Amino acid sequence: MRYVWATGTHQGRIRERNEDAVFPESSGTAEGPVLAGVADGMGGHVAGNIASGLAVAAVTKRPSDDTVKVDDRVLAANAAILERVREDQNLAGMGTTMTLGRFNEDGTVDIAHVGDSRCYLFRDGELTQITADHTVVAELVALGHLKHEDVPTHPQRHFLTRSLGLGPVSVDTEHLDLHSGDRVLFCSDGLTSMLSDPEIAAIIEETSDVEATVWSLIEAANGAGGIDNITVAVVDARS
């Protein structure tokens with residue numbers, strides 16, 4: 001399988017700095033394996049930008065064709081942040097999300113995930129969320145204590161139940177068989193807090209070029225308010 005990707009990140013219209021990180025940092029194409037993903041430094045915490053940068057550096061330290069599993073890469077990112085905090089207690093409290101995909105030569109993708117950044121699959125005109133948000137409101141919805149439509153206005157909608165950098169962590173994993181024509185989206189919540197899934201799907205469907213898709217999504221999120229940093233990675237699978 002051949003993969004074509006593009007990535008982008010933007011500070012948004014409100015935040016004073018960008019605490020997100022993305023990999024790869026530039027567009028490209030390859031037969032695979034390919035690593036792609038996003039990290040969202042925890043807003044309101046110390047040095048979220050340092051945490052997200054450390055996470056991306058750790059997960060990409062080994063080559064993409066290395067046999068290290070994606071969840072072990074994310075665990076290494078957690079360890080790197082914790083080690084940095086031990087070296088500098090002024091950074092205590094920093095953390096980040098991480099959603100990472102390894103796109104394999106055989107047309108499969110292995111995904112590892114912690115936090116509320118997301119991975120979506122767009123196939124045959126339908127957008128499907130692959131990862132589960134590690135948030136208080138997501139748990140409330142799963143338990144039937146909160147309606148999905150009430151999530152955007154809930155006062156705890158940004159409260160994470162799991163992140164990197166605050167101690168031992170459990171990593172969710174997914175394995176997908178991709179079809180030629182599939183499009184995989186990784187994004188921080190700066191996108192999903194501004195645009196609904198149908199709005200995201202419409203932009204993905206109407207924009208075939210990966211680079212244009214990335215920046216159309218970012219521009220739309222900024223147009224809707226841009227209250228957070230916005231980071232997007234799009235990977236197309238092509239036979």
# chains A, B, ... in the order shown; residues from 1 in each chain; ligands from 1
>>> residues_around(residues="Asp124 in chain A", least_positions_apart="5", cutoff="12 Å", atoms="only C-alpha atoms", output="PDB file with all heavy atoms, in the first residue's frame")
ATOM      1  N   LEU A 178      -6.908  -1.423   5.930  1.00  0.00           N
ATOM      2  CA  LEU A 178      -7.276  -0.302   5.093  1.00  0.00           C
ATOM      3  C   LEU A 178      -7.609  -0.744   3.675  1.00  0.00           C
ATOM      4  O   LEU A 178      -7.078  -1.747   3.179  1.00  0.00           O
ATOM      5  CB  LEU A 178      -6.140   0.721   5.052  1.00  0.00           C
ATOM      6  CG  LEU A 178      -5.779   1.376   6.391  1.00  0.00           C
ATOM      7  CD1 LEU A 178      -4.557   2.261   6.227  1.00  0.00           C
ATOM      8  CD2 LEU A 178      -6.959   2.176   6.937  1.00  0.00           C
ATOM      9  N   HIS A 179      -8.498   0.009   3.022  1.00  0.00           N
ATOM     10  CA  HIS A 179      -8.821  -0.183   1.616  1.00  0.00           C
ATOM     11  C   HIS A 179      -8.218   0.964   0.815  1.00  0.00           C
ATOM     12  O   HIS A 179      -8.066   2.078   1.322  1.00  0.00           O
ATOM     13  CB  HIS A 179     -10.343  -0.181   1.402  1.00  0.00           C
ATOM     14  CG  HIS A 179     -11.072  -1.216   2.194  1.00  0.00           C
ATOM     15  ND1 HIS A 179     -12.450  -1.238   2.289  1.00  0.00           N
ATOM     16  CD2 HIS A 179     -10.633  -2.267   2.919  1.00  0.00           C
ATOM     17  CE1 HIS A 179     -12.823  -2.253   3.042  1.00  0.00           C
ATOM     18  NE2 HIS A 179     -11.742  -2.894   3.436  1.00  0.00           N
ATOM     19  N   SER A 180      -7.905   0.712  -0.419  1.00  0.00           N
ATOM     20  CA  SER A 180      -7.452   1.801  -1.278  1.00  0.00           C
ATOM     21  C   SER A 180      -8.564   2.846  -1.370  1.00  0.00           C
ATOM     22  O   SER A 180      -9.725   2.515  -1.608  1.00  0.00           O
ATOM     23  CB  SER A 180      -7.127   1.271  -2.670  1.00  0.00           C
ATOM     24  OG  SER A 180      -6.667   2.319  -3.501  1.00  0.00           O
ATOM     25  N   GLY A 181      -8.210   4.098  -1.150  1.00  0.00           N
ATOM     26  CA  GLY A 181      -9.198   5.168  -1.129  1.00  0.00           C
ATOM     27  C   GLY A 181      -9.579   5.610   0.258  1.00  0.00           C
ATOM     28  O   GLY A 181     -10.236   6.645   0.424  1.00  0.00           O
ATOM     29  N   ASP A 182      -9.173   4.838   1.279  1.00  0.00           N
ATOM     30  CA  ASP A 182      -9.433   5.244   2.658  1.00  0.00           C
ATOM     31  C   ASP A 182      -8.609   6.483   3.006  1.00  0.00           C
ATOM     32  O   ASP A 182      -7.511   6.691   2.480  1.00  0.00           O
ATOM     33  CB  ASP A 182      -9.062   4.126   3.638  1.00  0.00           C
ATOM     34  CG  ASP A 182     -10.086   3.006   3.674  1.00  0.00           C
ATOM     35  OD1 ASP A 182     -11.159   3.160   3.072  1.00  0.00           O
ATOM     36  OD2 ASP A 182      -9.794   1.984   4.317  1.00  0.00           O
ATOM     37  N   ARG A 183      -9.150   7.272   3.921  1.00  0.00           N
ATOM     38  CA  ARG A 183      -8.454   8.446   4.431  1.00  0.00           C
ATOM     39  C   ARG A 183      -8.489   8.384   5.955  1.00  0.00           C
ATOM     40  O   ARG A 183      -9.569   8.206   6.545  1.00  0.00           O
ATOM     41  CB  ARG A 183      -9.113   9.717   3.907  1.00  0.00           C
ATOM     42  CG  ARG A 183      -8.548  10.999   4.441  1.00  0.00           C
ATOM     43  CD  ARG A 183      -9.002  12.188   3.596  1.00  0.00           C
ATOM     44  NE  ARG A 183      -8.229  12.291   2.352  1.00  0.00           N
ATOM     45  CZ  ARG A 183      -8.351  13.296   1.503  1.00  0.00           C
ATOM     46  NH1 ARG A 183      -9.217  14.264   1.718  1.00  0.00           N
ATOM     47  NH2 ARG A 183      -7.603  13.351   0.414  1.00  0.00           N
ATOM     48  N   ALA A 201     -16.575  15.629   7.964  1.00  0.00           N
ATOM     49  CA  ALA A 201     -16.760  14.693   6.851  1.00  0.00           C
ATOM     50  C   ALA A 201     -16.989  15.423   5.537  1.00  0.00           C
ATOM     51  O   ALA A 201     -16.456  15.027   4.486  1.00  0.00           O
ATOM     52  CB  ALA A 201     -17.926  13.755   7.143  1.00  0.00           C
ATOM     53  N   ILE A 204     -13.665  16.756   4.244  1.00  0.00           N
ATOM     54  CA  ILE A 204     -12.825  15.663   3.765  1.00  0.00           C
ATOM     55  C   ILE A 204     -13.315  15.163   2.412  1.00  0.00           C
ATOM     56  O   ILE A 204     -12.520  14.888   1.497  1.00  0.00           O
ATOM     57  CB  ILE A 204     -12.803  14.521   4.793  1.00  0.00           C
ATOM     58  CG1 ILE A 204     -12.043  14.948   6.055  1.00  0.00           C
ATOM     59  CG2 ILE A 204     -12.173  13.261   4.198  1.00  0.00           C
ATOM     60  CD1 ILE A 204     -12.075  13.931   7.162  1.00  0.00           C
ATOM     61  N   GLU A 205     -14.620  15.062   2.256  1.00  0.00           N
ATOM     62  CA  GLU A 205     -15.178  14.505   1.022  1.00  0.00           C
ATOM     63  C   GLU A 205     -15.004  15.437  -0.167  1.00  0.00           C
ATOM     64  O   GLU A 205     -14.767  14.990  -1.294  1.00  0.00           O
ATOM     65  CB  GLU A 205     -16.660  14.185   1.212  1.00  0.00           C
ATOM     66  CG  GLU A 205     -17.289  13.472   0.031  1.00  0.00           C
ATOM     67  CD  GLU A 205     -18.591  12.798   0.370  1.00  0.00           C
ATOM     68  OE1 GLU A 205     -19.325  13.331   1.229  1.00  0.00           O
ATOM     69  OE2 GLU A 205     -18.873  11.733  -0.220  1.00  0.00           O
TER      70      GLU A 205
END
>>> residues_around(residues="range 49-64 of chain A", least_positions_apart="4", cutoff="7 Å", atoms="only C-alpha atoms", output="PDB file with all heavy atoms, in the first residue's frame")
ATOM      1  N   ASN A  18       1.167  27.807  20.835  1.00  0.00           N
ATOM      2  CA  ASN A  18       0.735  26.505  20.338  1.00  0.00           C
ATOM      3  C   ASN A  18       1.392  25.411  21.172  1.00  0.00           C
ATOM      4  O   ASN A  18       2.619  25.285  21.190  1.00  0.00           O
ATOM      5  CB  ASN A  18       1.119  26.359  18.864  1.00  0.00           C
ATOM      6  CG  ASN A  18       0.421  25.185  18.206  1.00  0.00           C
ATOM      7  OD1 ASN A  18      -0.104  24.302  18.879  1.00  0.00           O
ATOM      8  ND2 ASN A  18       0.414  25.171  16.877  1.00  0.00           N
ATOM      9  N   GLU A  19       0.575  24.623  21.860  1.00  0.00           N
ATOM     10  CA  GLU A  19       1.087  23.538  22.689  1.00  0.00           C
ATOM     11  C   GLU A  19       0.892  22.168  22.039  1.00  0.00           C
ATOM     12  O   GLU A  19       1.123  21.142  22.672  1.00  0.00           O
ATOM     13  CB  GLU A  19       0.415  23.572  24.069  1.00  0.00           C
ATOM     14  CG  GLU A  19       0.750  24.838  24.852  1.00  0.00           C
ATOM     15  CD  GLU A  19       0.274  24.796  26.290  1.00  0.00           C
ATOM     16  OE1 GLU A  19      -0.750  24.139  26.561  1.00  0.00           O
ATOM     17  OE2 GLU A  19       0.934  25.416  27.137  1.00  0.00           O
ATOM     18  N   ASP A  20       0.462  22.154  20.772  1.00  0.00           N
ATOM     19  CA  ASP A  20       0.317  20.909  20.030  1.00  0.00           C
ATOM     20  C   ASP A  20       1.621  20.549  19.334  1.00  0.00           C
ATOM     21  O   ASP A  20       2.491  21.402  19.109  1.00  0.00           O
ATOM     22  CB  ASP A  20      -0.760  21.041  18.958  1.00  0.00           C
ATOM     23  CG  ASP A  20      -2.173  21.103  19.525  1.00  0.00           C
ATOM     24  OD1 ASP A  20      -2.330  21.012  20.764  1.00  0.00           O
ATOM     25  OD2 ASP A  20      -3.119  21.250  18.728  1.00  0.00           O
ATOM     26  N   ALA A  21       1.744  19.279  18.964  1.00  0.00           N
ATOM     27  CA  ALA A  21       2.856  18.812  18.137  1.00  0.00           C
ATOM     28  C   ALA A  21       2.302  17.782  17.164  1.00  0.00           C
ATOM     29  O   ALA A  21       1.316  17.100  17.454  1.00  0.00           O
ATOM     30  CB  ALA A  21       3.962  18.203  18.996  1.00  0.00           C
ATOM     31  N   PHE A  23       3.443  14.890  13.804  1.00  0.00           N
ATOM     32  CA  PHE A  23       4.466  14.173  13.041  1.00  0.00           C
ATOM     33  C   PHE A  23       3.783  13.406  11.924  1.00  0.00           C
ATOM     34  O   PHE A  23       2.732  12.831  12.150  1.00  0.00           O
ATOM     35  CB  PHE A  23       5.237  13.198  13.943  1.00  0.00           C
ATOM     36  CG  PHE A  23       6.372  12.525  13.220  1.00  0.00           C
ATOM     37  CD1 PHE A  23       7.601  13.152  13.139  1.00  0.00           C
ATOM     38  CD2 PHE A  23       6.205  11.295  12.608  1.00  0.00           C
ATOM     39  CE1 PHE A  23       8.650  12.553  12.444  1.00  0.00           C
ATOM     40  CE2 PHE A  23       7.236  10.696  11.920  1.00  0.00           C
ATOM     41  CZ  PHE A  23       8.466  11.311  11.846  1.00  0.00           C
ATOM     42  N   PRO A  33       6.581   1.178   6.058  1.00  0.00           N
ATOM     43  CA  PRO A  33       5.761   1.740   7.143  1.00  0.00           C
ATOM     44  C   PRO A  33       5.968   3.250   7.314  1.00  0.00           C
ATOM     45  O   PRO A  33       7.027   3.785   7.016  1.00  0.00           O
ATOM     46  CB  PRO A  33       6.241   0.978   8.381  1.00  0.00           C
ATOM     47  CG  PRO A  33       7.643   0.575   8.042  1.00  0.00           C
ATOM     48  CD  PRO A  33       7.677   0.338   6.564  1.00  0.00           C
ATOM     49  N   VAL A  34       4.902   3.894   7.792  1.00  0.00           N
ATOM     50  CA  VAL A  34       4.888   5.331   8.020  1.00  0.00           C
ATOM     51  C   VAL A  34       4.292   5.599   9.395  1.00  0.00           C
ATOM     52  O   VAL A  34       3.282   4.995   9.761  1.00  0.00           O
ATOM     53  CB  VAL A  34       4.043   6.054   6.941  1.00  0.00           C
ATOM     54  CG1 VAL A  34       3.870   7.524   7.299  1.00  0.00           C
ATOM     55  CG2 VAL A  34       4.666   5.897   5.568  1.00  0.00           C
ATOM     56  N   LEU A  35       4.919   6.487  10.154  1.00  0.00           N
ATOM     57  CA  LEU A  35       4.376   6.928  11.429  1.00  0.00           C
ATOM     58  C   LEU A  35       3.712   8.289  11.265  1.00  0.00           C
ATOM     59  O   LEU A  35       4.256   9.176  10.596  1.00  0.00           O
ATOM     60  CB  LEU A  35       5.477   7.045  12.485  1.00  0.00           C
ATOM     61  CG  LEU A  35       6.087   5.756  13.034  1.00  0.00           C
ATOM     62  CD1 LEU A  35       7.284   6.093  13.920  1.00  0.00           C
ATOM     63  CD2 LEU A  35       5.059   4.959  13.832  1.00  0.00           C
ATOM     64  N   ALA A  39      -0.069  15.202  19.152  1.00  0.00           N
ATOM     65  CA  ALA A  39      -0.006  15.303  20.612  1.00  0.00           C
ATOM     66  C   ALA A  39      -0.481  16.690  21.002  1.00  0.00           C
ATOM     67  O   ALA A  39      -0.101  17.679  20.376  1.00  0.00           O
ATOM     68  CB  ALA A  39       1.415  15.063  21.115  1.00  0.00           C
ATOM     69  N   ASP A  40      -1.317  16.762  22.019  1.00  0.00           N
ATOM     70  CA  ASP A  40      -1.905  18.027  22.467  1.00  0.00           C
ATOM     71  C   ASP A  40      -1.472  18.269  23.906  1.00  0.00           C
ATOM     72  O   ASP A  40      -1.957  17.611  24.832  1.00  0.00           O
ATOM     73  CB  ASP A  40      -3.428  17.929  22.362  1.00  0.00           C
ATOM     74  CG  ASP A  40      -4.148  19.201  22.794  1.00  0.00           C
ATOM     75  OD1 ASP A  40      -3.471  20.132  23.275  1.00  0.00           O
ATOM     76  OD2 ASP A  40      -5.379  19.255  22.676  1.00  0.00           O
ATOM     77  N   GLY A  41      -0.511  19.196  24.081  1.00  0.00           N
ATOM     78  CA  GLY A  41      -0.052  19.528  25.422  1.00  0.00           C
ATOM     79  C   GLY A  41      -1.201  20.031  26.270  1.00  0.00           C
ATOM     80  O   GLY A  41      -2.057  20.773  25.799  1.00  0.00           O
ATOM     81  N   ARG A  73       5.820   2.556  21.917  1.00  0.00           N
ATOM     82  CA  ARG A  73       6.332   3.889  21.591  1.00  0.00           C
ATOM     83  C   ARG A  73       5.661   4.947  22.474  1.00  0.00           C
ATOM     84  O   ARG A  73       6.312   5.871  22.967  1.00  0.00           O
ATOM     85  CB  ARG A  73       6.098   4.197  20.111  1.00  0.00           C
ATOM     86  CG  ARG A  73       6.956   3.397  19.148  1.00  0.00           C
ATOM     87  CD  ARG A  73       6.589   3.698  17.705  1.00  0.00           C
ATOM     88  NE  ARG A  73       7.313   2.872  16.757  1.00  0.00           N
ATOM     89  CZ  ARG A  73       8.438   3.203  16.142  1.00  0.00           C
ATOM     90  NH1 ARG A  73       8.976   4.394  16.376  1.00  0.00           N
ATOM     91  NH2 ARG A  73       9.033   2.385  15.290  1.00  0.00           N
ATOM     92  N   VAL A  74       4.354   4.825  22.650  1.00  0.00           N
ATOM     93  CA  VAL A  74       3.630   5.797  23.474  1.00  0.00           C
ATOM     94  C   VAL A  74       4.040   5.667  24.941  1.00  0.00           C
ATOM     95  O   VAL A  74       4.179   6.672  25.649  1.00  0.00           O
ATOM     96  CB  VAL A  74       2.111   5.630  23.291  1.00  0.00           C
ATOM     97  CG1 VAL A  74       1.352   6.520  24.262  1.00  0.00           C
ATOM     98  CG2 VAL A  74       1.717   5.955  21.855  1.00  0.00           C
ATOM     99  N   ALA A  76       6.950   4.814  25.898  1.00  0.00           N
ATOM    100  CA  ALA A  76       8.273   5.459  25.944  1.00  0.00           C
ATOM    101  C   ALA A  76       8.129   6.974  26.025  1.00  0.00           C
ATOM    102  O   ALA A  76       8.928   7.658  26.692  1.00  0.00           O
ATOM    103  CB  ALA A  76       9.087   5.063  24.711  1.00  0.00           C
ATOM    104  N   ALA A  77       7.104   7.508  25.365  1.00  0.00           N
ATOM    105  CA  ALA A  77       6.842   8.949  25.453  1.00  0.00           C
ATOM    106  C   ALA A  77       6.460   9.339  26.872  1.00  0.00           C
ATOM    107  O   ALA A  77       6.920  10.367  27.396  1.00  0.00           O
ATOM    108  CB  ALA A  77       5.731   9.330  24.482  1.00  0.00           C
ATOM    109  N   ASN A  78       5.634   8.534  27.495  1.00  0.00           N
ATOM    110  CA  ASN A  78       5.251   8.800  28.881  1.00  0.00           C
ATOM    111  C   ASN A  78       6.483   8.794  29.783  1.00  0.00           C
ATOM    112  O   ASN A  78       6.655   9.681  30.629  1.00  0.00           O
ATOM    113  CB  ASN A  78       4.245   7.747  29.348  1.00  0.00           C
ATOM    114  CG  ASN A  78       3.646   8.069  30.697  1.00  0.00           C
ATOM    115  OD1 ASN A  78       3.121   9.158  30.908  1.00  0.00           O
ATOM    116  ND2 ASN A  78       3.711   7.118  31.628  1.00  0.00           N
ATOM    117  N   ALA A  80       9.556   9.391  28.946  1.00  0.00           N
ATOM    118  CA  ALA A  80      10.420  10.532  28.648  1.00  0.00           C
ATOM    119  C   ALA A  80       9.936  11.791  29.357  1.00  0.00           C
ATOM    120  O   ALA A  80      10.743  12.584  29.868  1.00  0.00           O
ATOM    121  CB  ALA A  80      10.465  10.758  27.136  1.00  0.00           C
ATOM    122  N   ILE A  81       8.627  11.986  29.403  1.00  0.00           N
ATOM    123  CA  ILE A  81       8.085  13.158  30.093  1.00  0.00           C
ATOM    124  C   ILE A  81       8.329  13.055  31.592  1.00  0.00           C
ATOM    125  O   ILE A  81       8.750  14.025  32.237  1.00  0.00           O
ATOM    126  CB  ILE A  81       6.581  13.307  29.786  1.00  0.00           C
ATOM    127  CG1 ILE A  81       6.372  13.538  28.293  1.00  0.00           C
ATOM    128  CG2 ILE A  81       5.982  14.459  30.592  1.00  0.00           C
ATOM    129  CD1 ILE A  81       4.916  13.438  27.864  1.00  0.00           C
ATOM    130  N   MET A  94       3.133  18.944  33.860  1.00  0.00           N
ATOM    131  CA  MET A  94       2.941  18.994  32.415  1.00  0.00           C
ATOM    132  C   MET A  94       2.493  17.631  31.904  1.00  0.00           C
ATOM    133  O   MET A  94       2.840  16.584  32.458  1.00  0.00           O
ATOM    134  CB  MET A  94       4.211  19.447  31.697  1.00  0.00           C
ATOM    135  CG  MET A  94       5.348  18.451  31.654  1.00  0.00           C
ATOM    136  SD  MET A  94       6.729  19.122  30.674  1.00  0.00           S
ATOM    137  CE  MET A  94       7.920  17.777  30.816  1.00  0.00           C
ATOM    138  N   GLY A  95       1.716  17.640  30.850  1.00  0.00           N
ATOM    139  CA  GLY A  95       1.221  16.397  30.281  1.00  0.00           C
ATOM    140  C   GLY A  95       0.759  16.616  28.858  1.00  0.00           C
ATOM    141  O   GLY A  95       0.751  17.735  28.341  1.00  0.00           O
ATOM    142  N   THR A  96       0.377  15.535  28.193  1.00  0.00           N
ATOM    143  CA  THR A  96      -0.054  15.633  26.807  1.00  0.00           C
ATOM    144  C   THR A  96      -0.900  14.432  26.424  1.00  0.00           C
ATOM    145  O   THR A  96      -0.820  13.364  27.036  1.00  0.00           O
ATOM    146  CB  THR A  96       1.163  15.709  25.855  1.00  0.00           C
ATOM    147  OG1 THR A  96       0.723  15.944  24.520  1.00  0.00           O
ATOM    148  CG2 THR A  96       1.978  14.431  25.884  1.00  0.00           C
TER     149      THR A  96
END
>>> residues_around(residues="Gly93 in chain A", least_positions_apart="2", cutoff="10 Å", atoms="only C-alpha atoms", output="NGL selection string")
:A and (42 or 44-48 or 51 or 82 or 85 or 89-91 or 95 or 165-166)
>>> closest_residue(among="A:Asp228, A:Gly37, A:Asp236, A:Ala221", to="Ser208 in chain A", atoms="only C-alpha atoms")
A:Asp236
>>> residues_around(residues="Ala112 in chain A", least_positions_apart="4", cutoff="9 Å", atoms="only C-alpha atoms", output="list in words")
Lys69, Val70, Asp71, Asp72, Arg73, Val74, Met98, Thr99, Leu100, Gly101, Arg102, Thr131, Val171, Asp172, Thr173 and Glu174 of chain A
>>> select_by_dssp(residues="range 160-233 of chain A", states="strand (DSSP E or B)", output="short mmCIF file (atom, residue, chain, number, x, y, z; two decimals) with all heavy atoms, in the first residue's frame")
data_model
loop_
_atom_site.label_atom_id
_atom_site.label_comp_id
_atom_site.auth_asym_id
_atom_site.auth_seq_id
_atom_site.Cartn_x
_atom_site.Cartn_y
_atom_site.Cartn_z
N LEU A 160 -9.64 15.51 31.27
CA LEU A 160 -9.12 14.22 30.84
C LEU A 160 -9.12 13.22 31.99
O LEU A 160 -8.88 13.58 33.14
CB LEU A 160 -7.70 14.37 30.32
CG LEU A 160 -7.49 15.21 29.06
CD1 LEU A 160 -6.00 15.31 28.74
CD2 LEU A 160 -8.23 14.61 27.89
N LEU A 164 -0.56 11.44 29.12
CA LEU A 164 0.85 11.12 29.33
C LEU A 164 1.48 12.15 30.26
O LEU A 164 1.12 13.32 30.25
CB LEU A 164 1.61 11.13 28.00
CG LEU A 164 1.14 10.19 26.90
CD1 LEU A 164 2.09 10.28 25.71
CD2 LEU A 164 1.03 8.76 27.38
N ASP A 172 -4.63 2.64 24.82
CA ASP A 172 -5.59 1.95 23.96
C ASP A 172 -4.94 1.65 22.61
O ASP A 172 -4.15 2.45 22.09
CB ASP A 172 -6.83 2.80 23.70
CG ASP A 172 -7.74 2.91 24.92
OD1 ASP A 172 -7.44 2.26 25.94
OD2 ASP A 172 -8.74 3.64 24.83
N THR A 173 -5.28 0.50 22.01
CA THR A 173 -4.76 0.16 20.69
C THR A 173 -5.89 -0.29 19.77
O THR A 173 -6.90 -0.82 20.23
CB THR A 173 -3.71 -0.96 20.76
OG1 THR A 173 -4.29 -2.13 21.37
CG2 THR A 173 -2.50 -0.53 21.56
N GLU A 174 -5.70 -0.03 18.49
CA GLU A 174 -6.63 -0.47 17.45
C GLU A 174 -5.81 -0.96 16.26
O GLU A 174 -4.70 -0.48 16.01
CB GLU A 174 -7.55 0.66 16.99
CG GLU A 174 -8.43 1.24 18.08
CD GLU A 174 -9.59 0.34 18.47
OE1 GLU A 174 -9.86 -0.63 17.72
OE2 GLU A 174 -10.21 0.61 19.51
N HIS A 175 -6.39 -1.91 15.51
CA HIS A 175 -5.75 -2.43 14.29
C HIS A 175 -6.79 -2.41 13.19
O HIS A 175 -7.87 -2.98 13.34
CB HIS A 175 -5.23 -3.84 14.52
CG HIS A 175 -4.57 -4.45 13.32
ND1 HIS A 175 -3.27 -4.19 12.97
CD2 HIS A 175 -5.06 -5.32 12.37
CE1 HIS A 175 -2.97 -4.87 11.87
NE2 HIS A 175 -4.04 -5.55 11.49
N LEU A 176 -6.47 -1.74 12.08
CA LEU A 176 -7.41 -1.61 10.98
C LEU A 176 -6.82 -2.15 9.69
O LEU A 176 -5.64 -1.94 9.41
CB LEU A 176 -7.79 -0.14 10.75
CG LEU A 176 -8.45 0.63 11.90
CD1 LEU A 176 -8.66 2.08 11.47
CD2 LEU A 176 -9.78 0.00 12.28
N ASP A 177 -7.66 -2.82 8.91
CA ASP A 177 -7.31 -3.18 7.54
C ASP A 177 -7.81 -2.06 6.64
O ASP A 177 -9.02 -1.79 6.60
CB ASP A 177 -7.96 -4.51 7.15
CG ASP A 177 -7.39 -5.68 7.92
OD1 ASP A 177 -6.15 -5.81 7.96
OD2 ASP A 177 -8.18 -6.45 8.49
N ARG A 183 -9.15 7.27 3.92
CA ARG A 183 -8.45 8.45 4.43
C ARG A 183 -8.49 8.38 5.95
O ARG A 183 -9.57 8.21 6.54
CB ARG A 183 -9.11 9.72 3.91
CG ARG A 183 -8.55 11.00 4.44
CD ARG A 183 -9.00 12.19 3.60
NE ARG A 183 -8.23 12.29 2.35
CZ ARG A 183 -8.35 13.30 1.50
NH1 ARG A 183 -9.22 14.26 1.72
NH2 ARG A 183 -7.60 13.35 0.41
N VAL A 184 -7.34 8.50 6.59
CA VAL A 184 -7.24 8.46 8.06
C VAL A 184 -6.88 9.86 8.55
O VAL A 184 -5.95 10.49 8.04
CB VAL A 184 -6.20 7.43 8.52
CG1 VAL A 184 -6.12 7.41 10.05
CG2 VAL A 184 -6.55 6.04 7.99
N LEU A 185 -7.64 10.31 9.54
CA LEU A 185 -7.46 11.65 10.11
C LEU A 185 -7.05 11.54 11.57
O LEU A 185 -7.69 10.82 12.35
CB LEU A 185 -8.78 12.43 10.01
CG LEU A 185 -8.90 13.71 10.85
CD1 LEU A 185 -7.96 14.79 10.33
CD2 LEU A 185 -10.35 14.21 10.85
N PHE A 186 -5.97 12.22 11.94
CA PHE A 186 -5.59 12.41 13.33
C PHE A 186 -5.77 13.90 13.64
O PHE A 186 -5.39 14.75 12.83
CB PHE A 186 -4.12 12.03 13.58
CG PHE A 186 -3.80 10.60 13.25
CD1 PHE A 186 -3.34 10.26 11.99
CD2 PHE A 186 -3.94 9.61 14.20
CE1 PHE A 186 -3.04 8.94 11.68
CE2 PHE A 186 -3.64 8.29 13.92
CZ PHE A 186 -3.19 7.95 12.64
N CYS A 187 -6.31 14.22 14.81
CA CYS A 187 -6.53 15.64 15.11
C CYS A 187 -6.57 15.87 16.61
O CYS A 187 -6.95 15.00 17.39
CB CYS A 187 -7.83 16.14 14.47
SG CYS A 187 -9.32 15.27 15.02
N ILE A 230 -5.05 24.01 16.92
CA ILE A 230 -5.67 23.07 15.98
C ILE A 230 -4.56 22.32 15.24
O ILE A 230 -3.72 22.94 14.58
CB ILE A 230 -6.53 23.83 14.96
CG1 ILE A 230 -7.51 24.75 15.64
CG2 ILE A 230 -7.28 22.82 14.06
CD1 ILE A 230 -7.93 25.94 14.81
N THR A 231 -4.57 21.01 15.34
CA THR A 231 -3.54 20.20 14.70
C THR A 231 -4.18 19.04 13.96
O THR A 231 -5.06 18.35 14.50
CB THR A 231 -2.53 19.70 15.73
OG1 THR A 231 -1.91 20.83 16.36
CG2 THR A 231 -1.45 18.85 15.07
N VAL A 232 -3.74 18.81 12.74
CA VAL A 232 -4.36 17.82 11.86
C VAL A 232 -3.28 17.06 11.08
O VAL A 232 -2.32 17.66 10.60
CB VAL A 232 -5.30 18.52 10.84
CG1 VAL A 232 -5.86 17.51 9.84
CG2 VAL A 232 -6.44 19.23 11.57
N ALA A 233 -3.46 15.75 10.98
CA ALA A 233 -2.66 14.92 10.08
C ALA A 233 -3.63 14.07 9.27
O ALA A 233 -4.53 13.44 9.84
CB ALA A 233 -1.69 14.03 10.85
#
>>> closest_residue(among="A:Gly125, A:Pro168, A:Gly32, A:Gly190", to="Ala202 in chain A", atoms="only C-alpha atoms")
A:Gly125
>>> residues_around(residues="Ile14 in chain A", least_positions_apart="5", cutoff="10 Å", atoms="only C-alpha atoms", output="PDB file with N, CA, C and O atoms, in the first residue's frame")
ATOM      1  N   ASN A 222     -10.829  27.564  12.707  1.00  0.00           N
ATOM      2  CA  ASN A 222     -10.571  28.961  13.066  1.00  0.00           C
ATOM      3  C   ASN A 222     -11.782  29.835  12.744  1.00  0.00           C
ATOM      4  O   ASN A 222     -12.125  30.748  13.504  1.00  0.00           O
ATOM      5  N   GLY A 225     -14.371  29.814  15.413  1.00  0.00           N
ATOM      6  CA  GLY A 225     -14.008  30.390  16.704  1.00  0.00           C
ATOM      7  C   GLY A 225     -12.553  30.213  17.069  1.00  0.00           C
ATOM      8  O   GLY A 225     -11.955  31.056  17.713  1.00  0.00           O
ATOM      9  N   GLY A 226     -11.966  29.078  16.690  1.00  0.00           N
ATOM     10  CA  GLY A 226     -10.541  28.840  16.936  1.00  0.00           C
ATOM     11  C   GLY A 226     -10.128  29.036  18.379  1.00  0.00           C
ATOM     12  O   GLY A 226      -9.102  29.652  18.660  1.00  0.00           O
ATOM     13  N   ILE A 227     -10.895  28.446  19.310  1.00  0.00           N
ATOM     14  CA  ILE A 227     -10.632  28.707  20.725  1.00  0.00           C
ATOM     15  C   ILE A 227      -9.447  27.920  21.276  1.00  0.00           C
ATOM     16  O   ILE A 227      -9.025  28.146  22.405  1.00  0.00           O
ATOM     17  N   ASP A 228      -8.909  26.996  20.481  1.00  0.00           N
ATOM     18  CA  ASP A 228      -7.791  26.172  20.956  1.00  0.00           C
ATOM     19  C   ASP A 228      -6.818  25.998  19.805  1.00  0.00           C
ATOM     20  O   ASP A 228      -7.108  26.326  18.655  1.00  0.00           O
ATOM     21  N   ASN A 229      -5.634  25.462  20.108  1.00  0.00           N
ATOM     22  CA  ASN A 229      -4.697  25.076  19.068  1.00  0.00           C
ATOM     23  C   ASN A 229      -5.348  23.993  18.207  1.00  0.00           C
ATOM     24  O   ASN A 229      -6.096  23.156  18.716  1.00  0.00           O
TER      25      ASN A 229
END
>>> select_by_dssp(residues="range 14-230 of chain A", states="helix (DSSP H, G or I)", output="PyMOL selection string")
chain A and resi 48-59+70-87+89-91+136-142+148-153+189-192+197-206+210-223
